[in-house]
$ cat coords-v9.pdb   # PDB, C-alpha atoms
ATOM      1  CA  MET A  10      37.344  28.395  91.510
ATOM      2  CA  SER A  11      33.759  29.289  90.625
ATOM      3  CA  PRO A  12      31.096  28.521  93.248
ATOM      4  CA  SER A  13      29.215  25.257  92.878
ATOM      5  CA  LYS A  14      25.729  25.331  91.348
ATOM      6  CA  GLN A  15      25.108  21.638  91.928
ATOM      7  CA  LEU A  16      21.664  20.775  93.309
ATOM      8  CA  THR A  17      19.564  17.648  93.492
ATOM      9  CA  MET A  18      16.720  17.366  91.004
ATOM     10  CA  ARG A  19      14.193  17.901  93.785
ATOM     11  CA  GLU A  20      15.991  21.035  94.954
ATOM     12  CA  ALA A  21      16.357  22.512  91.462
ATOM     13  CA  ILE A  22      12.702  22.069  90.475
ATOM     14  CA  ALA A  23      11.492  23.342  93.856
ATOM     15  CA  ALA A  24      13.746  26.404  93.678
ATOM     16  CA  PHE A  25      13.170  27.552  90.104
ATOM     17  CA  VAL A  26       9.845  26.259  88.744
ATOM     18  CA  GLU A  27       6.702  27.922  90.025
ATOM     19  CA  ASP A  28       3.095  27.186  89.105
ATOM     20  CA  GLY A  29       2.042  29.158  86.032
ATOM     21  CA  ALA A  30       5.587  29.448  84.657
ATOM     22  CA  THR A  31       6.634  29.060  81.034
ATOM     23  CA  VAL A  32       9.056  26.123  80.978
ATOM     24  CA  ALA A  33      11.086  24.914  77.992
ATOM     25  CA  LEU A  34      12.136  21.252  78.153
ATOM     26  CA  GLU A  35      14.239  20.890  75.036
ATOM     27  CA  GLY A  36      15.977  17.975  73.415
ATOM     28  CA  PHE A  37      15.735  17.225  69.700
ATOM     29  CA  THR A  38      15.132  13.424  69.811
ATOM     30  CA  HIS A  39      18.363  13.324  71.838
ATOM     31  CA  LEU A  40      19.060  14.442  75.418
ATOM     32  CA  ILE A  41      15.402  14.810  76.405
ATOM     33  CA  PRO A  42      15.056  15.829  80.102
ATOM     34  CA  VAL A  43      12.652  13.030  81.042
ATOM     35  CA  ALA A  44      13.728  12.692  84.683
ATOM     36  CA  ALA A  45      13.175  16.429  85.152
ATOM     37  CA  GLY A  46       9.708  16.086  83.636
ATOM     38  CA  HIS A  47       8.942  13.334  86.131
ATOM     39  CA  GLU A  48      10.036  15.597  88.975
ATOM     40  CA  LEU A  49       7.654  18.306  87.747
ATOM     41  CA  ILE A  50       4.883  15.702  87.952
ATOM     42  CA  ARG A  51       6.054  14.458  91.334
ATOM     43  CA  GLN A  52       6.030  17.998  92.756
ATOM     44  CA  ARG A  53       2.551  18.512  91.260
ATOM     45  CA  ARG A  54       3.319  21.683  89.335
ATOM     46  CA  ARG A  55       0.247  23.212  87.702
ATOM     47  CA  GLU A  56      -0.749  25.652  84.936
ATOM     48  CA  LEU A  57       2.612  25.479  83.156
ATOM     49  CA  THR A  58       3.122  26.627  79.587
ATOM     50  CA  LEU A  59       5.391  23.931  78.160
ATOM     51  CA  VAL A  60       7.696  24.673  75.229
ATOM     52  CA  ARG A  61       9.574  22.253  73.013
ATOM     53  CA  MET A  62      10.192  21.853  69.319
ATOM     54  CA  THR A  63       9.271  18.149  69.359
ATOM     55  CA  PRO A  64       7.072  17.169  72.337
ATOM     56  CA  ASP A  65       6.917  13.398  72.733
ATOM     57  CA  ILE A  66       6.351  10.872  75.518
ATOM     58  CA  VAL A  67       7.346  13.023  78.487
ATOM     59  CA  PHE A  68       4.972  15.782  77.347
ATOM     60  CA  ASP A  69       2.192  13.186  77.064
ATOM     61  CA  GLN A  70       2.939  12.261  80.678
ATOM     62  CA  LEU A  71       3.005  15.897  81.801
ATOM     63  CA  VAL A  72      -0.343  16.598  80.152
ATOM     64  CA  ALA A  73      -1.891  13.438  81.603
ATOM     65  CA  ALA A  74      -0.688  14.455  85.060
ATOM     66  CA  GLY A  75      -2.408  17.847  84.819
ATOM     67  CA  VAL A  76       0.812  19.867  84.768
ATOM     68  CA  ALA A  77       0.216  21.787  81.527
ATOM     69  CA  ARG A  78      -2.133  24.622  80.615
ATOM     70  CA  LYS A  79      -0.622  25.324  77.194
ATOM     71  CA  MET A  80       1.900  23.797  74.798
ATOM     72  CA  ILE A  81       4.077  25.776  72.359
ATOM     73  CA  PHE A  82       5.651  23.459  69.793
ATOM     74  CA  SER A  83       6.555  22.740  66.187
ATOM     75  CA  PHE A  84       5.836  18.987  65.965
ATOM     76  CA  THR A  85       4.276  16.530  68.366
ATOM     77  CA  GLY A  86       4.117  12.755  68.174
ATOM     78  CA  ASN A  87       5.658   9.561  69.467
ATOM     79  CA  SER A  88       8.743   9.766  67.275
ATOM     80  CA  SER A  89       7.332   7.922  64.235
ATOM     81  CA  VAL A  90       5.840   5.189  66.448
ATOM     82  CA  GLY A  91       2.306   6.484  67.076
ATOM     83  CA  SER A  92       0.101   9.106  68.661
ATOM     84  CA  LEU A  93       0.341  10.800  72.022
ATOM     85  CA  HIS A  94      -3.131   9.985  73.239
ATOM     86  CA  ALA A  95      -3.168  12.123  76.409
ATOM     87  CA  ILE A  96      -2.340  15.199  74.351
ATOM     88  CA  ARG A  97      -4.936  14.228  71.740
ATOM     89  CA  ARG A  98      -7.635  13.770  74.389
ATOM     90  CA  ALA A  99      -6.842  17.150  75.921
ATOM     91  CA  VAL A 100      -6.853  19.009  72.586
ATOM     92  CA  GLU A 101      -9.667  17.206  70.802
ATOM     93  CA  ARG A 102     -12.058  16.459  73.682
ATOM     94  CA  ARG A 103     -10.822  18.577  76.604
ATOM     95  CA  ASP A 104     -10.500  15.286  78.481
ATOM     96  CA  PRO A 105      -9.878  15.517  81.388
ATOM     97  CA  ARG A 106      -9.103  19.225  80.804
ATOM     98  CA  GLY A 107      -8.323  21.422  77.839
ATOM     99  CA  LEU A 108      -4.863  22.123  76.490
ATOM    100  CA  GLU A 109      -4.178  25.320  74.567
ATOM    101  CA  ILE A 110      -1.743  24.864  71.683
ATOM    102  CA  GLU A 111       0.429  27.293  69.730
ATOM    103  CA  GLU A 112       2.131  25.763  66.692
ATOM    104  CA  TYR A 113       5.108  26.813  64.558
ATOM    105  CA  SER A 114       7.383  25.226  62.009
ATOM    106  CA  HIS A 115      10.686  23.916  63.365
ATOM    107  CA  TYR A 116      12.516  26.949  62.056
ATOM    108  CA  GLY A 117       9.769  29.248  63.290
ATOM    109  CA  LEU A 118      10.158  28.091  66.890
ATOM    110  CA  LEU A 119      13.950  28.112  66.590
ATOM    111  CA  ALA A 120      13.622  31.698  65.351
ATOM    112  CA  ARG A 121      11.656  32.553  68.501
ATOM    113  CA  TYR A 122      14.493  31.111  70.613
ATOM    114  CA  LEU A 123      17.062  33.063  68.576
ATOM    115  CA  ALA A 124      15.140  36.305  69.037
ATOM    116  CA  GLY A 125      14.839  35.662  72.768
ATOM    117  CA  ALA A 126      18.534  34.865  73.109
ATOM    118  CA  ALA A 127      19.576  37.984  71.153
ATOM    119  CA  ASN A 128      16.963  40.260  72.797
ATOM    120  CA  LEU A 129      15.394  41.075  69.423
ATOM    121  CA  PRO A 130      11.788  42.277  69.021
ATOM    122  CA  PHE A 131      11.091  39.697  66.301
ATOM    123  CA  TYR A 132      12.826  37.353  63.876
ATOM    124  CA  PRO A 133      12.095  37.105  60.127
ATOM    125  CA  VAL A 134      11.029  33.746  58.688
ATOM    126  CA  ARG A 135      10.699  33.702  54.920
ATOM    127  CA  SER A 136       9.509  30.081  54.755
ATOM    128  CA  TYR A 137       5.985  30.853  56.030
ATOM    129  CA  ALA A 138       5.082  32.364  52.633
ATOM    130  CA  GLY A 139       2.575  30.107  50.905
ATOM    131  CA  GLY A 140       1.854  28.020  54.008
ATOM    132  CA  ASP A 141      -1.282  27.906  56.149
ATOM    133  CA  LEU A 142       0.220  28.206  59.661
ATOM    134  CA  PRO A 143      -0.128  32.044  59.714
ATOM    135  CA  ALA A 144      -3.879  31.622  59.286
ATOM    136  CA  HIS A 145      -4.004  29.505  62.468
ATOM    137  CA  ASN A 146      -1.435  31.332  64.615
ATOM    138  CA  PRO A 147      -1.979  35.080  65.050
ATOM    139  CA  ARG A 148       1.498  35.451  66.552
ATOM    140  CA  ILE A 149       2.987  34.894  63.103
ATOM    141  CA  ALA A 150       2.823  38.407  61.680
ATOM    142  CA  LYS A 151       3.959  40.324  58.614
ATOM    143  CA  VAL A 152       6.164  43.417  58.504
ATOM    144  CA  THR A 153       7.344  45.607  55.667
ATOM    145  CA  SER A 154      11.066  45.386  55.083
ATOM    146  CA  PRO A 155      12.843  48.757  55.383
ATOM    147  CA  TYR A 156      15.054  47.717  52.459
ATOM    148  CA  PRO A 157      14.020  47.449  48.823
ATOM    149  CA  ALA A 158      13.518  44.001  47.341
ATOM    150  CA  SER A 159      15.865  42.708  44.656
ATOM    151  CA  ASP A 160      13.483  44.058  42.005
ATOM    152  CA  GLY A 161      13.349  47.453  43.711
ATOM    153  CA  GLY A 162       9.856  46.951  45.083
ATOM    154  CA  VAL A 163       8.495  46.783  48.620
ATOM    155  CA  GLU A 164       8.816  43.443  50.382
ATOM    156  CA  GLU A 165       6.688  42.059  53.186
ATOM    157  CA  ILE A 166       8.050  39.218  55.276
ATOM    158  CA  TYR A 167       6.689  37.013  58.055
ATOM    159  CA  VAL A 168       8.122  37.435  61.543
ATOM    160  CA  VAL A 169       7.763  35.652  64.889
ATOM    161  CA  PRO A 170       8.106  37.182  68.365
ATOM    162  CA  PRO A 171      10.877  36.275  70.816
ATOM    163  CA  ILE A 172      10.237  33.631  73.411
ATOM    164  CA  ARG A 173      11.829  34.106  76.823
ATOM    165  CA  PRO A 174      10.837  31.186  79.059
ATOM    166  CA  ASP A 175      10.888  31.607  82.801
ATOM    167  CA  VAL A 176      12.880  28.384  83.049
ATOM    168  CA  ALA A 177      14.803  26.200  80.616
ATOM    169  CA  ILE A 178      15.354  22.579  81.614
ATOM    170  CA  LEU A 179      17.997  20.914  79.448
ATOM    171  CA  HIS A 180      19.912  17.628  79.424
ATOM    172  CA  ALA A 181      23.539  17.104  78.395
ATOM    173  CA  GLN A 182      26.395  14.657  78.781
ATOM    174  CA  ARG A 183      28.558  16.422  81.322
ATOM    175  CA  ALA A 184      29.293  19.652  83.207
ATOM    176  CA  ASP A 185      31.463  20.937  85.983
ATOM    177  CA  ARG A 186      29.980  22.101  89.288
ATOM    178  CA  ALA A 187      29.967  25.709  88.086
ATOM    179  CA  GLY A 188      27.567  24.765  85.285
ATOM    180  CA  ASN A 189      29.853  24.832  82.252
ATOM    181  CA  VAL A 190      28.066  22.287  80.079
ATOM    182  CA  GLN A 191      29.472  20.054  77.356
ATOM    183  CA  ALA A 192      27.346  18.124  74.856
ATOM    184  CA  TRP A 193      27.839  16.315  71.562
ATOM    185  CA  GLY A 194      25.635  14.526  69.056
ATOM    186  CA  ILE A 195      22.345  16.166  68.027
ATOM    187  CA  LEU A 196      22.326  19.430  69.980
ATOM    188  CA  GLY A 197      19.089  21.020  68.833
ATOM    189  CA  PRO A 198      18.558  24.498  70.345
ATOM    190  CA  LEU A 199      20.341  23.852  73.666
ATOM    191  CA  GLN A 200      22.482  26.972  73.506
ATOM    192  CA  GLU A 201      19.790  29.300  72.168
ATOM    193  CA  ILE A 202      17.231  28.347  74.806
ATOM    194  CA  ALA A 203      19.758  28.660  77.635
ATOM    195  CA  PHE A 204      20.474  32.250  76.613
ATOM    196  CA  ALA A 205      16.795  33.052  75.992
ATOM    197  CA  SER A 206      15.528  31.904  79.401
ATOM    198  CA  ALA A 207      15.424  33.782  82.690
ATOM    199  CA  ARG A 208      16.636  30.668  84.570
ATOM    200  CA  THR A 209      18.366  27.540  83.313
ATOM    201  CA  ILE A 210      18.552  24.103  84.919
ATOM    202  CA  VAL A 211      20.883  21.645  83.198
ATOM    203  CA  VAL A 212      20.673  17.933  83.990
ATOM    204  CA  VAL A 213      23.795  15.942  83.085
ATOM    205  CA  GLU A 214      24.885  12.340  82.952
ATOM    206  CA  GLU A 215      27.905  13.179  85.064
ATOM    207  CA  ILE A 216      29.546  16.071  86.834
ATOM    208  CA  VAL A 217      33.277  16.143  86.137
ATOM    209  CA  GLU A 218      36.209  18.101  87.466
ATOM    210  CA  ASP A 219      36.973  21.549  86.070
ATOM    211  CA  GLU A 220      40.078  20.205  84.335
ATOM    212  CA  VAL A 221      37.996  17.910  82.110
ATOM    213  CA  ILE A 222      35.940  20.844  80.841
ATOM    214  CA  ARG A 223      38.943  23.146  80.448
ATOM    215  CA  ALA A 224      40.844  20.503  78.473
ATOM    216  CA  ASP A 225      38.217  20.526  75.709
ATOM    217  CA  PRO A 226      36.812  24.078  75.593
ATOM    218  CA  ASN A 227      35.216  23.888  72.143
ATOM    219  CA  ARG A 228      32.805  21.202  73.365
ATOM    220  CA  THR A 229      31.343  23.600  75.949
ATOM    221  CA  VAL A 230      27.987  24.598  74.439
ATOM    222  CA  ILE A 231      26.500  26.360  77.475
ATOM    223  CA  PRO A 232      28.716  28.543  79.677
ATOM    224  CA  GLY A 233      28.249  28.494  83.407
ATOM    225  CA  PHE A 234      27.257  32.140  83.641
ATOM    226  CA  VAL A 235      23.824  31.383  82.114
ATOM    227  CA  VAL A 236      23.239  28.253  84.232
ATOM    228  CA  ASP A 237      21.467  28.537  87.579
ATOM    229  CA  ALA A 238      21.550  24.887  88.636
ATOM    230  CA  VAL A 239      23.334  21.751  87.463
ATOM    231  CA  VAL A 240      21.936  18.352  88.408
ATOM    232  CA  GLU A 241      23.779  15.047  88.107
ATOM    233  CA  CYS A 242      21.265  12.407  87.021
ATOM    234  CA  PRO A 243      22.691   9.383  85.212
ATOM    235  CA  ARG A 244      20.363   7.984  82.533
ATOM    236  CA  GLY A 245      18.037  10.903  83.157
ATOM    237  CA  ALA A 246      17.077  11.115  79.484
ATOM    238  CA  HIS A 247      15.665   7.572  79.287
ATOM    239  CA  PRO A 248      13.869   6.441  77.125
ATOM    240  CA  SER A 249      15.606   8.912  74.810
ATOM    241  CA  TYR A 250      19.358   8.658  74.517
ATOM    242  CA  ALA A 251      22.585  10.373  75.445
ATOM    243  CA  GLN A 252      25.213  10.008  72.722
ATOM    244  CA  GLY A 253      28.033   7.794  73.945
ATOM    245  CA  TYR A 254      26.255   6.854  77.204
ATOM    246  CA  TYR A 255      23.181   4.814  76.198
ATOM    247  CA  ASP A 256      21.048   4.277  73.116
ATOM    248  CA  ARG A 257      17.405   5.106  72.509
ATOM    249  CA  ASP A 258      15.044   2.608  74.122
ATOM    250  CA  ASN A 259      12.894   1.831  71.089
ATOM    251  CA  ASP A 260      10.974  -0.908  72.919
ATOM    252  CA  PHE A 261       9.751   1.677  75.416
ATOM    253  CA  TYR A 262       8.623   4.025  72.649
ATOM    254  CA  ARG A 263       6.777   1.198  70.902
ATOM    255  CA  SER A 264       4.986   0.253  74.129
ATOM    256  CA  TRP A 265       3.774   3.776  74.865
ATOM    257  CA  PRO A 266       0.736   4.091  72.514
ATOM    258  CA  GLU A 267      -0.979   1.132  74.192
ATOM    259  CA  ILE A 268      -0.413   2.687  77.616
ATOM    260  CA  SER A 269      -1.498   6.212  76.716
ATOM    261  CA  ARG A 270      -4.534   5.134  74.646
ATOM    262  CA  ASP A 271      -6.325   4.157  77.883
ATOM    263  CA  SER A 272      -6.449   7.047  80.369
ATOM    264  CA  ALA A 273      -6.888   4.675  83.319
ATOM    265  CA  ALA A 274      -3.842   2.649  82.242
ATOM    266  CA  LEU A 275      -1.852   5.854  81.886
ATOM    267  CA  ASP A 276      -2.885   6.989  85.363
ATOM    268  CA  ARG A 277      -1.738   3.624  86.744
ATOM    269  CA  TRP A 278       1.586   4.004  84.911
ATOM    270  CA  LEU A 279       2.107   7.458  86.410
ATOM    271  CA  CYS A 280       1.390   6.157  89.888
ATOM    272  CA  GLU A 281       3.718   3.178  89.528
ATOM    273  CA  TRP A 282       6.612   4.892  87.746
ATOM    274  CA  VAL A 283       6.475   8.506  88.961
ATOM    275  CA  TYR A 284       4.284   9.322  91.985
ATOM    276  CA  ASP A 285       5.173   6.226  93.996
ATOM    277  CA  LEU A 286       8.913   6.662  93.467
ATOM    278  CA  PRO A 287      10.986   9.247  95.361
ATOM    279  CA  ASP A 288      13.401  10.065  92.539
ATOM    280  CA  HIS A 289      15.015   8.929  89.288
ATOM    281  CA  ALA A 290      17.415   6.602  91.093
ATOM    282  CA  ALA A 291      14.391   4.633  92.292
ATOM    283  CA  TYR A 292      13.050   4.599  88.709
ATOM    284  CA  LEU A 293      16.315   3.050  87.505
ATOM    285  CA  GLU A 294      16.251   0.530  90.348
ATOM    286  CA  LYS A 295      12.714  -0.432  89.392
ATOM    287  CA  LEU A 296      13.777  -1.012  85.772
ATOM    288  CA  GLY A 297      16.053  -3.677  87.202
ATOM    289  CA  PRO A 298      19.703  -4.699  86.999
ATOM    290  CA  GLY A 299      20.959  -5.244  83.502
ATOM    291  CA  TYR A 300      18.147  -3.239  81.893
ATOM    292  CA  PHE A 301      20.587  -0.941  80.103
ATOM    293  CA  ASP A 302      22.902  -3.726  78.939
ATOM    294  CA  ARG A 303      21.127  -3.868  75.573
ATOM    295  CA  LEU A 304      21.369  -0.075  75.273
ATOM    296  CA  ILE A 305      25.143   0.211  75.675
ATOM    297  CA  PRO A 306      26.423   1.861  72.476
ATOM    298  CA  GLU A 307      29.388   0.631  70.494
ATOM    299  CA  PRO A 308      32.358   2.939  71.103
ATOM    300  CA  ALA A 309      33.062   5.462  68.343
ATOM    301  CA  MET A 310      35.902   7.601  69.664
ATOM    302  CA  SER A 311      36.614  11.063  68.351
ATOM    303  CA  GLN A 312      40.185  11.892  67.376
ATOM    304  CA  PRO A 313      42.031  13.930  70.025
ATOM    305  CA  VAL A 314      42.824  17.571  69.314
ATOM    306  CA  ASP A 315      46.081  19.297  70.233
ATOM    307  CA  TYR A 316      45.247  22.655  71.825
ATOM    308  CA  GLY A 317      48.913  23.463  72.331
ATOM    309  CA  CYS A 318      50.384  26.851  71.444
ATOM    310  CA  ALA A 319      53.890  28.202  70.903
TER     311      ALA A 319
END

$ encode --input "coords-v9.pdb" --output "structure tokens"
Amino acid sequence: MSPSKQLTMREAIAAFVEDGATVALEGFTHLIPVAAGHELIRQRRRELTLVRMTPDIVFDQLVAAGVARKMIFSFTGNSSVGSLHAIRRAVERRDPRGLEIEEYSHYGLLARYLAGAANLPFYPVRSYAGGDLPAHNPRIAKVTSPYPASDGGVEEIYVVPPIRPDVAILHAQRADRAGNVQAWGILGPLQEIAFASARTIVVVEEIVEDEVIRADPNRTVIPGFVVDAVVECPRGAHPSYAQGYYDRDNDFYRSWPEISRDSAALDRWLCEWVYDLPDHAAYLEKLGPGYFDRLIPEPAMSQPVDYGCA
């Protein structure tokens, strides 16, 4: 049996995330590691470079709490609901401090993850041709292809550099204690970022026995050998969702612009919901009994698969 990598959230963040680190908190609308973000705030991490394809509410909270120095991203916003006012204040007015930004297209940032995971010096991205992002991001460069173009001429193509975060913090549905992680639904770049990063913390809805993971091997998207810590944290993606466990809390997302528009109100929210609480279990207790009743998804079972052999 493989040794256990199970830690508490407090232990995992304390052990692997240092001030000044580059930290990727991924989750493509689904499986967003919100509870881990709150623990970064609670432990008062500083000067982090935060990476995510689609920064939303938890990044607004991290910026408001003074955790971030820089943000590398490909889209930012409150998921079609409104603005992220803490991020806007930091970028537009340096209020209360500045936030450096480095922007890519979705595929451009995915390409950076792919290059990091495969240990490549760069990754080609044809779709930047004709766009204006290269004029605003000097890290998007051009190289001459060593192969002739289809018309026999010389071709130049845009490329992006690899990204190799110091720490990846990811959320998934389940894992065993050795860190073999299973996820389903919208996966985003979970696997790529796990392989690209120097350290990987995976937060899961539940830790299950080895037999559960071994019985369904094709659902294992991150193998244990690239995972440094696995944290059991039920409902740790709220207000985002975990497919099959709870739905997206749209009421929470709709309420956020009013909170974040006023920096004093946002500071009060952080005190009440993050700083004054010891952990995510206390956050759930504060939400109250029955809060998730309206977020219980209708069952939609997958057909079983016979893995038998002759």

$ resolve_selection --input "coords-v9.pdb" --expression "the PyMOL selection byres ((chain A and resi 285-295) around 8)" --output "PyMOL selection string"
chain A and resi 19+44+48+242+245+280-284+296-298

$ resolve_selection --input "coords-v9.pdb" --expression "the PyMOL selection byres ((chain A and resi 279) around 12)" --output "JSON, numbers by chain"
{"A": [46, 47, 48, 50, 51, 67, 69, 70, 71, 72, 73, 74, 75, 268, 269, 272, 273, 274, 275, 276, 277, 278, 280, 281, 282, 283, 284, 285, 286, 292]}

$ write_last_selection --input "coords-v9.pdb" --atoms "C-alpha atoms" --output "JSON list (two decimals), in the coordinates of the input"
[["chain", "number", "residue", "atom", "x", "y", "z"],
["A", 46, "GLY", "CA", 9.71, 16.09, 83.64],
["A", 47, "HIS", "CA", 8.94, 13.33, 86.13],
["A", 48, "GLU", "CA", 10.04, 15.60, 88.98],
["A", 50, "ILE", "CA", 4.88, 15.70, 87.95],
["A", 51, "ARG", "CA", 6.05, 14.46, 91.33],
["A", 67, "VAL", "CA", 7.35, 13.02, 78.49],
["A", 69, "ASP", "CA", 2.19, 13.19, 77.06],
["A", 70, "GLN", "CA", 2.94, 12.26, 80.68],
["A", 71, "LEU", "CA", 3.00, 15.90, 81.80],
["A", 72, "VAL", "CA", -0.34, 16.60, 80.15],
["A", 73, "ALA", "CA", -1.89, 13.44, 81.60],
["A", 74, "ALA", "CA", -0.69, 14.46, 85.06],
["A", 75, "GLY", "CA", -2.41, 17.85, 84.82],
["A", 268, "ILE", "CA", -0.41, 2.69, 77.62],
["A", 269, "SER", "CA", -1.50, 6.21, 76.72],
["A", 272, "SER", "CA", -6.45, 7.05, 80.37],
["A", 273, "ALA", "CA", -6.89, 4.68, 83.32],
["A", 274, "ALA", "CA", -3.84, 2.65, 82.24],
["A", 275, "LEU", "CA", -1.85, 5.85, 81.89],
["A", 276, "ASP", "CA", -2.88, 6.99, 85.36],
["A", 277, "ARG", "CA", -1.74, 3.62, 86.74],
["A", 278, "TRP", "CA", 1.59, 4.00, 84.91],
["A", 280, "CYS", "CA", 1.39, 6.16, 89.89],
["A", 281, "GLU", "CA", 3.72, 3.18, 89.53],
["A", 282, "TRP", "CA", 6.61, 4.89, 87.75],
["A", 283, "VAL", "CA", 6.48, 8.51, 88.96],
["A", 284, "TYR", "CA", 4.28, 9.32, 91.98],
["A", 285, "ASP", "CA", 5.17, 6.23, 94.00],
["A", 286, "LEU", "CA", 8.91, 6.66, 93.47],
["A", 292, "TYR", "CA", 13.05, 4.60, 88.71]]

$ closest_residue --input "coords-v9.pdb" --among "A:Arg135, A:His247, A:His39, A:Arg54" --to "Tyr167 (chain A)" --atoms "all atoms listed in the file"
A:Arg135

$ resolve_selection --input "coords-v9.pdb" --expression "the PyMOL selection byres ((chain A and resi 254) around 10)" --output "list in words"
Gln182, Glu214, Pro243, Arg244, Tyr250, Ala251, Gln252, Gly253, Tyr255, Asp256, Leu304, Ile305, Pro306, Glu307 and Pro308 of chain A

$ residues_around --input "coords-v9.pdb" --residues "Gly91 (chain A)" --least-positions-apart "2" --cutoff "10 Å" --atoms "all atoms listed in the file" --output "list in words"
Gly86, Asn87, Ser88, Ser89, Leu93, His94, Tyr262, Arg263, Ser264, Trp265, Pro266 and Glu267 of chain A

$ write_last_selection --input "coords-v9.pdb" --atoms "C-alpha atoms" --output "mmCIF file, in the frame of the given file"
data_model
loop_
_atom_site.group_PDB
_atom_site.id
_atom_site.type_symbol
_atom_site.label_atom_id
_atom_site.label_comp_id
_atom_site.auth_asym_id
_atom_site.auth_seq_id
_atom_site.Cartn_x
_atom_site.Cartn_y
_atom_site.Cartn_z
ATOM 1 C CA GLY A 86 4.117 12.755 68.174
ATOM 2 C CA ASN A 87 5.658 9.561 69.467
ATOM 3 C CA SER A 88 8.743 9.766 67.275
ATOM 4 C CA SER A 89 7.332 7.922 64.235
ATOM 5 C CA LEU A 93 0.341 10.800 72.022
ATOM 6 C CA HIS A 94 -3.131 9.985 73.239
ATOM 7 C CA TYR A 262 8.623 4.025 72.649
ATOM 8 C CA ARG A 263 6.777 1.198 70.902
ATOM 9 C CA SER A 264 4.986 0.253 74.129
ATOM 10 C CA TRP A 265 3.774 3.776 74.865
ATOM 11 C CA PRO A 266 0.736 4.091 72.514
ATOM 12 C CA GLU A 267 -0.979 1.132 74.192
#

$ build_atoms --input "coords-v9.pdb" --residues "region 267-280 of chain A" --atoms "N, CA and C atoms" --output "PDB file, in the coordinates of the input"
ATOM      1  N   GLU A 267      -0.007   1.996  73.517  1.00  0.00           N
ATOM      2  CA  GLU A 267      -0.979   1.132  74.192  1.00  0.00           C
ATOM      3  C   GLU A 267      -1.259   1.629  75.605  1.00  0.00           C
ATOM      4  N   ILE A 268      -0.232   2.152  76.267  1.00  0.00           N
ATOM      5  CA  ILE A 268      -0.413   2.687  77.616  1.00  0.00           C
ATOM      6  C   ILE A 268      -1.235   3.966  77.572  1.00  0.00           C
ATOM      7  N   SER A 269      -0.866   4.895  76.695  1.00  0.00           N
ATOM      8  CA  SER A 269      -1.498   6.212  76.716  1.00  0.00           C
ATOM      9  C   SER A 269      -2.885   6.217  76.079  1.00  0.00           C
ATOM     10  N   ARG A 270      -3.206   5.192  75.276  1.00  0.00           N
ATOM     11  CA  ARG A 270      -4.534   5.134  74.646  1.00  0.00           C
ATOM     12  C   ARG A 270      -5.640   5.022  75.693  1.00  0.00           C
ATOM     13  N   ASP A 271      -5.357   4.367  76.808  1.00  0.00           N
ATOM     14  CA  ASP A 271      -6.325   4.157  77.883  1.00  0.00           C
ATOM     15  C   ASP A 271      -5.959   5.077  79.048  1.00  0.00           C
ATOM     16  N   SER A 272      -6.802   6.062  79.337  1.00  0.00           N
ATOM     17  CA  SER A 272      -6.449   7.047  80.369  1.00  0.00           C
ATOM     18  C   SER A 272      -6.271   6.396  81.734  1.00  0.00           C
ATOM     19  N   ALA A 273      -7.042   5.356  82.031  1.00  0.00           N
ATOM     20  CA  ALA A 273      -6.888   4.675  83.319  1.00  0.00           C
ATOM     21  C   ALA A 273      -5.543   3.945  83.390  1.00  0.00           C
ATOM     22  N   ALA A 274      -5.148   3.316  82.276  1.00  0.00           N
ATOM     23  CA  ALA A 274      -3.842   2.649  82.242  1.00  0.00           C
ATOM     24  C   ALA A 274      -2.713   3.656  82.382  1.00  0.00           C
ATOM     25  N   LEU A 275      -2.872   4.809  81.777  1.00  0.00           N
ATOM     26  CA  LEU A 275      -1.852   5.854  81.886  1.00  0.00           C
ATOM     27  C   LEU A 275      -1.766   6.371  83.316  1.00  0.00           C
ATOM     28  N   ASP A 276      -2.900   6.562  83.957  1.00  0.00           N
ATOM     29  CA  ASP A 276      -2.885   6.989  85.363  1.00  0.00           C
ATOM     30  C   ASP A 276      -2.176   5.955  86.236  1.00  0.00           C
ATOM     31  N   ARG A 277      -2.426   4.672  85.967  1.00  0.00           N
ATOM     32  CA  ARG A 277      -1.738   3.624  86.744  1.00  0.00           C
ATOM     33  C   ARG A 277      -0.245   3.670  86.491  1.00  0.00           C
ATOM     34  N   TRP A 278       0.161   3.916  85.231  1.00  0.00           N
ATOM     35  CA  TRP A 278       1.586   4.004  84.911  1.00  0.00           C
ATOM     36  C   TRP A 278       2.233   5.163  85.669  1.00  0.00           C
ATOM     37  N   LEU A 279       1.568   6.300  85.696  1.00  0.00           N
ATOM     38  CA  LEU A 279       2.107   7.458  86.410  1.00  0.00           C
ATOM     39  C   LEU A 279       2.256   7.172  87.904  1.00  0.00           C
ATOM     40  N   CYS A 280       1.278   6.501  88.467  1.00  0.00           N
ATOM     41  CA  CYS A 280       1.390   6.157  89.888  1.00  0.00           C
ATOM     42  C   CYS A 280       2.562   5.223  90.139  1.00  0.00           C
TER      43      CYS A 280
END
